[in-house]
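Q: This is the structure I have questions about; it appears just below.
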Amino acid sequence: MLNAPKPLGASSAAALLAASLLLPATAAQAQSPSPSTTGSPTSTTAVPQLHWSRCPAAQQGDPSLDGYQCATMTAPLDYANPTGRTIKLGLVKHLAGGSAKPLGTLFYNPGGPGGLGSVFLPAGIDGFGPDVLSTFDIVSWDPRGMGGLSSPTVQCFDTEDQEGALLSSTSFPPLTSAQQQQWTSAYGQLFQACAGRDDELLTHVSTADNARDLDLMRQAVGEDKLFYYGTSYGTFLGATYANMFPSNVQRMILDGAVDPTAWADNTSPLSTFVRAGSDLSTAAVVQDFLRLCGNSTTQQCAFSAGTPDATSAKFQTLLTRAGQQPLVVDPSQPGVTDSDLVALMTNSLYVVRPVPGFSAFPGWTGLATQLQALWQAGTTSPAPSGTAPGPQSPAGAQSPTGAQSPTGPQSAGGGSTGAGGSAAPQPYHGVEQQLAVICGESPNPATVSAAIDQAQTSLRRAGTVSQNWPWTAYCVNWPAKAASSYLGPWNKVDTPVVVVGTTGDPATPYGDAQAVAKLLPGARLVTVNGYGHTELFNPSSCAQAFLSGYLTSGTLPPDGASCSQNAQPFR
């Protein structure tokens with residue numbers, strides 16, 4: 001899914017979509033990536049053999065991989081040089097549950113960019129619905145450079161402790177002028193540390209590179225054409241693949257769609273997710289959360305103050321208190337600041353009901369319980385933001401879009417970056433992995449002042465609760481640009497795809513789904529009336545019926561297809 005702040009979208013996660021208040025950009029305000037390319041075909045690359053076996057144990061807090069199969073695929077780092085340096089991609093497979101031979105292999109990408117398939121496939125598996133689960137083998141992967149089961153990993157330091165020492169004092173999002181200065185200084189040092197470590201890797205983690213990996217995986221599992229399900233940023237990857245390899249698509253679902261034109265826009269002074277409108281979408285869903293909570297009993301929503309207005313006022317008071325003095329639920333943990341509260345609020349809106357086995361997402365009812373615990377909490381002296389604040393760390397949580405918290409790294413398996421350091425680097429999940437994709441290809445403000453200006457624009461139009469988004473794509477002086485990217489055109493698709501949009505998506509606005517359905521020739525839109533980021537993680541049996549019919553038989557949903565969600569907030 002999108003990193004929502006981990007950003008498209010949990011503490012960095014961010015997501016991406018349609019915006020208002022777009023101002024004309026100047027050359028000094030916007031960074032432009034390298035030109036679009038159609039990409040070299042993977043037909044010149046030898047198709048690797050896959051050897052499936054039992055998966056390794058999952059990281060603590062991640063869903064179990066018991067019953068899944070894993071494999072490693074060797075791929076060129078640079079498809080223009082297929083006999084040069086190689087990388088290892090970790091694949092994970094859920095076997096079809098039916099008695100008949102599977103119809104084929106359905107590939108799934110959870111978004112991020114950088115979301116690990118080895119985490120999000122088992123987390124979201126039930127969202128595919130029984131028909132798809134019985135008919136298809138479902139395969140996902142840990143994308144190039146992003147760690148997990150794949151190697152090498154994009155990282156700016158040899159160890160997570162080194163990166164943590166630099167970023168632990170930053171606040172995400174940085175709300176005050178002092179916090180923003182601290183943020184820009186720390187990230188400037190982070191980017192300097194990235195430069196020269198493995199520039200070749202940094203320039204070959206683009207969406208187009210991932211699309212080529214996907215085409216090689218398709219061939220490796222023996223599929224003539226691609227069956228694909230992408231969520232959040234994974235929809236941008238899907239749209240990219242469908243335009244780079246239009247004759248290779250069998251069926252494609254884009255759930256929680258990112259508007260490709262917003263991702264590629266170099267005419268706006270706004271950063272990727274602000275021009276996409278993610279800040280506006282988050283602000284609207286926060287208001288709906290407080291309204292629905294206020295219309296519920298305290299047994300249904302612990303944070304309810306009895307009415308929508310009173311509950312909104314209560315939240316604003318809580319935010320003000322956290323800004324004055326960190327709130328303490330557990331004395332053994334750092335207090336929760338206003339930045340932490342914004343990150344917690346944004347991240348937790350992604351999933352209406354908790355994801356079994358995925359401890360990072362408490363659902364809307366769980367979020368209300370955490371807010372009430374903070375309301376009843378005491379205060380303490382200020383502590384650094386993003387260092388495991390209680391009752392649940394918003395900075396360490398992973399969003400269902402697969403994004404990474406910009407306030408610090410998390411340890412991970414996988415390989416290491418190739419250069420730098422006297423000791424062998426220890427792979428970890430750091431914010432630089434996501435930024436390598438975003439900053440490498442999506443235009444973003446090129447100066448500190450321009451980055452702060454666009455954050456102020458977002459603050460004026462969307463308020464404090466959305467301020468994760470302006471800082472999720474902070475790219476000033478990022479050291480590398482993608483060697484090969486695809487940023488349009490988007491009309492080369494020759495197979496009708498299905499786009500899914502949730503009306504109350506806090507990361508990828510419903511308007512983006514409408515725009516993508518119009519952008520891709522022959523596409524059909526399925527509207528899900530409800531909340532949360534993507535239908536896959538917030539299921540609708542009605543939508544699942546449309547999607548399974550499309551995947552298994554090619555039957556397109558009817559024009560104007562509209563569905564309700566299975567789970568309603570606080571009910």
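Residues are referred to by chain and number: the chain letter is A, B, ... according to the order shown in the structure tokens, the number counts from 1 in that chain, and ligands are numbered separately from 1 in the order shown.
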Contacts between segment 70-83 of chain A and segment 110-172 of chain A, please, where a residue of segment 110-172 of chain A counts if it comes within 10 Å (with only C-alpha atoms); show its shortest atom pair and distance in Å to one decimal, rows by chain and ascending number, as CSV.

A:
residue,atom,partner,partner_atom,distance
A:Ser118,CA,A:Cys70,CA,8.8
A:Val139,CA,A:Cys70,CA,9.2
A:Ser140,CA,A:Cys70,CA,9.7
A:Trp141,CA,A:Cys70,CA,9.2
A:Arg144,CA,A:Leu77,CA,8.6
A:Gly145,CA,A:Leu77,CA,9.9
A:Leu149,CA,A:Thr72,CA,8.0
A:Ser150,CA,A:Thr72,CA,7.9
A:Ser151,CA,A:Thr74,CA,9.9

Q: Using only C-alpha atoms, determine which residues lie at most 8 Å from Pro246 of chain A, disregarding the query and same-chain residues fewer than 6 positions distant; provide the list as a PyMOL selection string.

A: chain A and resi 492-495

Q: Could you please take those selected residues and save all heavy atoms as a short mmCIF file (atom, residue, chain, number, x, y, z; two decimals), in the first residue's frame?

A:
data_model
loop_
_atom_site.label_atom_id
_atom_site.label_comp_id
_atom_site.auth_asym_id
_atom_site.auth_seq_id
_atom_site.Cartn_x
_atom_site.Cartn_y
_atom_site.Cartn_z
N LYS A 492 -0.91 3.77 -23.78
CA LYS A 492 -0.44 2.65 -24.59
C LYS A 492 -1.06 1.31 -24.16
O LYS A 492 -0.84 0.28 -24.79
CB LYS A 492 1.09 2.57 -24.52
CG LYS A 492 1.77 3.81 -25.08
CD LYS A 492 3.24 3.86 -24.74
CE LYS A 492 4.02 2.75 -25.40
NZ LYS A 492 5.48 2.89 -25.13
N VAL A 493 -1.83 1.32 -23.08
CA VAL A 493 -2.44 0.10 -22.56
C VAL A 493 -3.43 -0.44 -23.59
O VAL A 493 -4.26 0.31 -24.11
CB VAL A 493 -3.18 0.39 -21.25
CG1 VAL A 493 -3.78 -0.87 -20.66
CG2 VAL A 493 -2.25 1.07 -20.26
N ASP A 494 -3.33 -1.75 -23.90
CA ASP A 494 -4.28 -2.30 -24.87
C ASP A 494 -5.16 -3.40 -24.26
O ASP A 494 -5.87 -4.10 -24.99
CB ASP A 494 -3.56 -2.83 -26.11
CG ASP A 494 -2.55 -3.93 -25.80
OD1 ASP A 494 -2.55 -4.43 -24.66
OD2 ASP A 494 -1.77 -4.28 -26.70
N THR A 495 -5.13 -3.54 -22.92
CA THR A 495 -5.99 -4.49 -22.21
C THR A 495 -6.77 -3.72 -21.14
O THR A 495 -6.15 -3.00 -20.34
CB THR A 495 -5.17 -5.59 -21.53
OG1 THR A 495 -4.44 -6.31 -22.53
CG2 THR A 495 -6.06 -6.56 -20.77
#

Q: I'd like the neighbourhood of Leu435 of chain A as a list in words, where a residue qualifies if any of its atoms comes within 9 Å (using only C-alpha atoms), though same-chain residues fewer than 2 positions away should be ignored.

A: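 Once the nearby chain positions are removed, what remains is Pro113, Val431, Glu432, Gln433, Val437, Ile438, Cys439, Gly440, Thr472, Ala473, Tyr474, Cys475 and Trp478 of chain A.
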
Q: Put those residues in a file: N, CA and C atoms, as a compact mmCIF listing (two decimals), in the first residue's frame.

A:
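The file below, out_39.txt, is the result:
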# COMPACT_ATOMS: atom_id res chain seq x y z
N PRO A 113 6.57 3.54 -2.12
CA PRO A 113 7.33 2.44 -2.72
C PRO A 113 8.24 1.75 -1.71
N VAL A 431 14.59 5.03 5.85
CA VAL A 431 13.79 5.91 5.00
C VAL A 431 14.43 6.10 3.63
N GLU A 432 15.76 5.93 3.53
CA GLU A 432 16.43 6.15 2.26
C GLU A 432 16.00 5.18 1.18
N GLN A 433 15.48 4.03 1.57
CA GLN A 433 15.03 3.06 0.56
C GLN A 433 13.85 3.62 -0.23
N VAL A 437 13.55 5.75 -4.54
CA VAL A 437 12.58 5.65 -5.64
C VAL A 437 11.93 7.00 -5.89
N ILE A 438 11.39 7.61 -4.83
CA ILE A 438 10.67 8.88 -4.98
C ILE A 438 11.57 9.98 -5.54
N CYS A 439 12.68 10.20 -4.86
CA CYS A 439 13.57 11.30 -5.26
C CYS A 439 14.29 11.01 -6.56
N GLY A 440 14.44 9.74 -6.89
CA GLY A 440 15.12 9.39 -8.12
C GLY A 440 14.33 9.68 -9.37
N THR A 472 7.19 13.76 3.43
CA THR A 472 7.42 12.38 3.02
C THR A 472 8.29 12.31 1.77
N ALA A 473 8.22 13.33 0.95
CA ALA A 473 9.02 13.36 -0.28
C ALA A 473 10.02 14.52 -0.21
N TYR A 474 10.74 14.60 0.91
CA TYR A 474 11.79 15.62 1.03
C TYR A 474 13.03 15.11 0.29
N CYS A 475 13.41 15.82 -0.77
CA CYS A 475 14.44 15.32 -1.68
C CYS A 475 15.57 16.31 -1.95
N TRP A 478 19.16 15.13 -2.72
CA TRP A 478 19.28 13.67 -2.83
C TRP A 478 20.34 13.38 -3.91

Q: Which of these, A:Asn248, A:Lys101, A:Gly129, A:Ala211, has the shortest distance to Ser485 of chain A once you count only C-alpha atoms?

A: A:Ala211

Q: Using the chain letters and numbers from this document, which residues of segment 80-172 of chain A does DSSP assign to strand (DSSP E), as a compact mmCIF listing (two decimals) with N, CA, C and O atoms, in the first residue's frame?

A:
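Listed below is the output, selection_28.txt:
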# COMPACT_ATOMS: atom_id res chain seq x y z
N THR A 86 24.60 -8.13 -10.96
CA THR A 86 23.29 -8.71 -10.71
C THR A 86 22.82 -8.39 -9.29
O THR A 86 23.60 -8.00 -8.42
N ILE A 87 21.52 -8.59 -9.07
CA ILE A 87 20.90 -8.44 -7.76
C ILE A 87 20.10 -9.70 -7.47
O ILE A 87 19.84 -10.52 -8.37
N LYS A 88 19.70 -9.87 -6.21
CA LYS A 88 18.87 -11.00 -5.79
C LYS A 88 17.51 -10.47 -5.33
O LYS A 88 17.44 -9.55 -4.51
N LEU A 89 16.44 -11.04 -5.89
CA LEU A 89 15.09 -10.66 -5.52
C LEU A 89 14.43 -11.81 -4.77
O LEU A 89 14.37 -12.94 -5.29
N GLY A 90 13.93 -11.52 -3.58
CA GLY A 90 13.24 -12.53 -2.79
C GLY A 90 11.76 -12.57 -3.12
O GLY A 90 11.06 -11.55 -3.04
N LEU A 91 11.26 -13.74 -3.52
CA LEU A 91 9.86 -13.93 -3.88
C LEU A 91 9.16 -14.78 -2.82
O LEU A 91 9.78 -15.64 -2.18
N VAL A 92 7.88 -14.54 -2.63
CA VAL A 92 7.06 -15.32 -1.69
C VAL A 92 5.78 -15.72 -2.39
O VAL A 92 5.19 -14.92 -3.14
N LYS A 93 5.33 -16.97 -2.16
CA LYS A 93 4.17 -17.50 -2.89
C LYS A 93 3.15 -18.12 -1.94
O LYS A 93 3.51 -18.89 -1.05
N HIS A 94 1.89 -17.77 -2.18
CA HIS A 94 0.76 -18.43 -1.52
C HIS A 94 0.13 -19.36 -2.54
O HIS A 94 -0.32 -18.92 -3.61
N GLY A 104 -3.50 -19.74 -12.91
CA GLY A 104 -2.26 -19.06 -13.23
C GLY A 104 -1.65 -18.46 -11.97
O GLY A 104 -2.06 -18.77 -10.85
N THR A 105 -0.68 -17.57 -12.15
CA THR A 105 -0.01 -16.87 -11.06
C THR A 105 -0.44 -15.41 -11.07
O THR A 105 -0.29 -14.73 -12.09
N LEU A 106 -0.95 -14.95 -9.96
CA LEU A 106 -1.33 -13.56 -9.78
C LEU A 106 -0.22 -12.86 -9.01
O LEU A 106 0.10 -13.25 -7.88
N PHE A 107 0.40 -11.84 -9.61
CA PHE A 107 1.45 -11.09 -8.95
C PHE A 107 0.84 -9.93 -8.17
O PHE A 107 -0.07 -9.26 -8.66
N TYR A 108 1.39 -9.71 -6.97
CA TYR A 108 0.87 -8.66 -6.09
C TYR A 108 2.00 -7.76 -5.61
O TYR A 108 3.03 -8.25 -5.14
N ASN A 109 1.82 -6.45 -5.75
CA ASN A 109 2.75 -5.47 -5.18
C ASN A 109 1.98 -4.56 -4.23
O ASN A 109 0.98 -3.95 -4.62
N PHE A 136 -5.86 -19.01 -7.95
CA PHE A 136 -4.54 -18.53 -8.36
C PHE A 136 -3.47 -18.84 -7.30
O PHE A 136 -3.74 -18.73 -6.10
N ASP A 137 -2.27 -19.19 -7.75
CA ASP A 137 -1.09 -18.98 -6.92
C ASP A 137 -0.86 -17.47 -6.89
O ASP A 137 -0.95 -16.80 -7.92
N ILE A 138 -0.56 -16.94 -5.70
CA ILE A 138 -0.32 -15.50 -5.57
C ILE A 138 1.13 -15.29 -5.17
O ILE A 138 1.60 -15.85 -4.17
N VAL A 139 1.85 -14.51 -5.95
CA VAL A 139 3.28 -14.27 -5.73
C VAL A 139 3.53 -12.79 -5.53
O VAL A 139 3.02 -11.95 -6.28
N SER A 140 4.29 -12.47 -4.50
CA SER A 140 4.78 -11.11 -4.30
C SER A 140 6.29 -11.17 -4.13
O SER A 140 6.89 -12.25 -4.16
N TRP A 141 6.90 -10.02 -3.94
CA TRP A 141 8.36 -9.97 -3.84
C TRP A 141 8.81 -8.75 -3.06
O TRP A 141 8.04 -7.80 -2.88
N ASP A 142 10.03 -8.82 -2.57
CA ASP A 142 10.66 -7.68 -1.91
C ASP A 142 11.43 -6.91 -2.99
O ASP A 142 12.40 -7.44 -3.54

Q: Which is closest to Gln189 of chain A among A:Ser247, A:Ser232, A:Gln155, A:Asn477, if we use only C-alpha atoms?

A: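 Answer, going by the shortest atom-to-atom distance: A:Asn477.
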
Q: What gap, in Å, lies between atom CA of Gln372 of chain A and atom CA of Phe303 of chain A?

A: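 Separating atom CA of Gln372 of chain A from atom CA of Phe303 of chain A is a distance of 5.0 Å.
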
Q: Near Asp66 of chain A, counting only C-alpha atoms, which residues have an atom at most 10 Å away, once you skip same-chain residues fewer than 2 positions from it, shown as a list in words?

A: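 These residues fall inside the cut-off: Arg54, Cys55, Pro56, Ala57, Ala58, Pro63, Ser64, Tyr68, Gln69 and Pro122 of chain A.
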
Q: With a distance cut-off of 9 Å and only C-alpha atoms, select the neighbouring residues of Ala257 of chain A, excluding the residue or stretch itself and same-chain residues fewer than 5 positions from it, and output the selection as a list in words.

A: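 That gives Leu16, Leu17, Gly230, Thr231, Ser232, Tyr233, Gly234, Thr235, Phe236, Val499, Val500, Gly501, Thr508, Pro509, Tyr510, Asp512, Ala513, Gln514, Ala515, Val516 and Thr534 of chain A.
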
Q: Would you write out those residues with N, CA, C and O atoms, as a short mmCIF file (atom, residue, chain, number, x, y, z; two decimals), in the first residue's frame?

A:
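Saved result, selection_7.cif, follows:
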data_model
loop_
_atom_site.label_atom_id
_atom_site.label_comp_id
_atom_site.auth_asym_id
_atom_site.auth_seq_id
_atom_site.Cartn_x
_atom_site.Cartn_y
_atom_site.Cartn_z
N LEU A 16 -0.54 9.59 -2.63
CA LEU A 16 -0.19 10.43 -3.69
C LEU A 16 -1.42 10.92 -4.34
O LEU A 16 -2.05 10.15 -4.90
N LEU A 17 -1.80 12.15 -4.36
CA LEU A 17 -2.85 12.37 -5.27
C LEU A 17 -3.39 13.76 -5.44
O LEU A 17 -2.96 14.66 -4.89
N GLY A 230 -2.17 -4.58 -7.88
CA GLY A 230 -1.33 -3.58 -7.23
C GLY A 230 -2.16 -2.69 -6.34
O GLY A 230 -3.28 -2.30 -6.69
N THR A 231 -1.61 -2.39 -5.16
CA THR A 231 -2.27 -1.45 -4.25
C THR A 231 -1.38 -0.24 -4.03
O THR A 231 -0.15 -0.34 -4.03
N SER A 232 -2.01 0.93 -3.86
CA SER A 232 -1.30 2.17 -3.54
C SER A 232 -0.24 2.46 -4.60
O SER A 232 -0.53 2.46 -5.80
N TYR A 233 1.01 2.71 -4.19
CA TYR A 233 2.07 2.94 -5.18
C TYR A 233 2.18 1.76 -6.15
O TYR A 233 2.62 1.93 -7.30
N GLY A 234 1.77 0.58 -5.73
CA GLY A 234 1.75 -0.58 -6.63
C GLY A 234 0.86 -0.37 -7.84
O GLY A 234 1.04 -1.05 -8.86
N THR A 235 -0.08 0.57 -7.75
CA THR A 235 -0.90 0.89 -8.93
C THR A 235 -0.09 1.70 -9.94
O THR A 235 -0.29 1.57 -11.14
N PHE A 236 0.82 2.54 -9.45
CA PHE A 236 1.71 3.27 -10.36
C PHE A 236 2.65 2.29 -11.06
O PHE A 236 2.92 2.42 -12.26
N VAL A 499 -9.90 -0.50 -12.01
CA VAL A 499 -9.43 0.43 -10.99
C VAL A 499 -10.42 0.40 -9.82
O VAL A 499 -11.64 0.40 -10.03
N VAL A 500 -9.89 0.35 -8.60
CA VAL A 500 -10.73 0.33 -7.40
C VAL A 500 -10.43 1.58 -6.57
O VAL A 500 -9.26 1.87 -6.28
N GLY A 501 -11.47 2.29 -6.19
CA GLY A 501 -11.29 3.49 -5.37
C GLY A 501 -12.23 3.48 -4.18
O GLY A 501 -13.43 3.22 -4.34
N THR A 508 -4.71 7.81 -0.77
CA THR A 508 -4.90 8.03 -2.20
C THR A 508 -6.35 8.43 -2.44
O THR A 508 -7.24 7.60 -2.36
N PRO A 509 -6.60 9.69 -2.69
CA PRO A 509 -7.97 10.19 -2.81
C PRO A 509 -8.78 9.44 -3.86
O PRO A 509 -8.25 8.97 -4.87
N TYR A 510 -10.06 9.34 -3.59
CA TYR A 510 -10.97 8.70 -4.54
C TYR A 510 -10.90 9.37 -5.90
O TYR A 510 -11.01 8.71 -6.95
N ASP A 512 -8.39 10.32 -7.43
CA ASP A 512 -7.30 9.73 -8.20
C ASP A 512 -7.75 8.48 -8.94
O ASP A 512 -7.35 8.24 -10.07
N ALA A 513 -8.55 7.67 -8.24
CA ALA A 513 -9.08 6.46 -8.89
C ALA A 513 -9.93 6.85 -10.10
O ALA A 513 -9.85 6.22 -11.16
N GLN A 514 -10.73 7.88 -9.95
CA GLN A 514 -11.54 8.34 -11.08
C GLN A 514 -10.65 8.82 -12.21
O GLN A 514 -10.91 8.52 -13.39
N ALA A 515 -9.59 9.54 -11.86
CA ALA A 515 -8.68 10.05 -12.90
C ALA A 515 -7.96 8.93 -13.62
O ALA A 515 -7.80 8.96 -14.85
N VAL A 516 -7.51 7.91 -12.88
CA VAL A 516 -6.80 6.80 -13.50
C VAL A 516 -7.72 6.00 -14.41
O VAL A 516 -7.32 5.56 -15.49
N THR A 534 -7.18 1.26 0.48
CA THR A 534 -7.33 0.12 -0.42
C THR A 534 -8.43 -0.84 0.04
O THR A 534 -8.65 -1.05 1.23
#

Q: Mind listing the alpha helix (DSSP H) residues of segment 312-554 of chain A, per DSSP on the backbone, as JSON, numbers by chain?

A: {"A": [312, 313, 314, 315, 316, 317, 318, 319, 320, 321, 322, 323, 324, 338, 339, 340, 341, 342, 343, 344, 345, 346, 347, 348, 363, 364, 365, 366, 367, 368, 369, 370, 371, 372, 373, 374, 375, 431, 432, 433, 434, 435, 436, 437, 438, 439, 440, 441, 448, 449, 450, 451, 452, 453, 454, 455, 456, 457, 458, 459, 460, 461, 462, 468, 469, 470, 471, 472, 510, 511, 512, 513, 514, 515, 516, 517, 518, 519, 541, 542, 543, 544, 545, 546, 547, 548, 549, 550, 551, 552, 553]}

Q: How far is it from atom CA of Leu349 of chain A to atom CA of Glu441 of chain A, in Å with one decimal?

A: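 These atoms are spaced 27.8 Å apart.
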
Q: Using only C-alpha atoms, which residue out of A:Ala436, A:Val274, A:Val285, A:Val448 lies closest to Thr502 of chain A?

A: A:Val285

Q: A:Val476, A:Ala100, A:Val355, A:Val498: which is nearest Asp62 of chain A, counting only C-alpha atoms?

A: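 The closest residue to Asp62 of chain A is A:Val355.
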
Q: For Ala220 of chain A, please output as an NGL selection string all residues within 9 Å (counting only C-alpha atoms; exclusion window: fewer than 4 positions along the same chain).

A: :A and (47-50 or 73 or 215-216)

Q: How many Å separate atom CA of Gly111 of chain A from atom CA of Gly127 of chain A?

A: 15.4 Å

Q: Find the residue from A:Asp224, A:Glu535, A:Asp505, A:Glu160 that sits nearest to Phe289 of chain A; use only C-alpha atoms when measuring.

A: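 Answer, going by the shortest atom-to-atom distance: A:Asp505.
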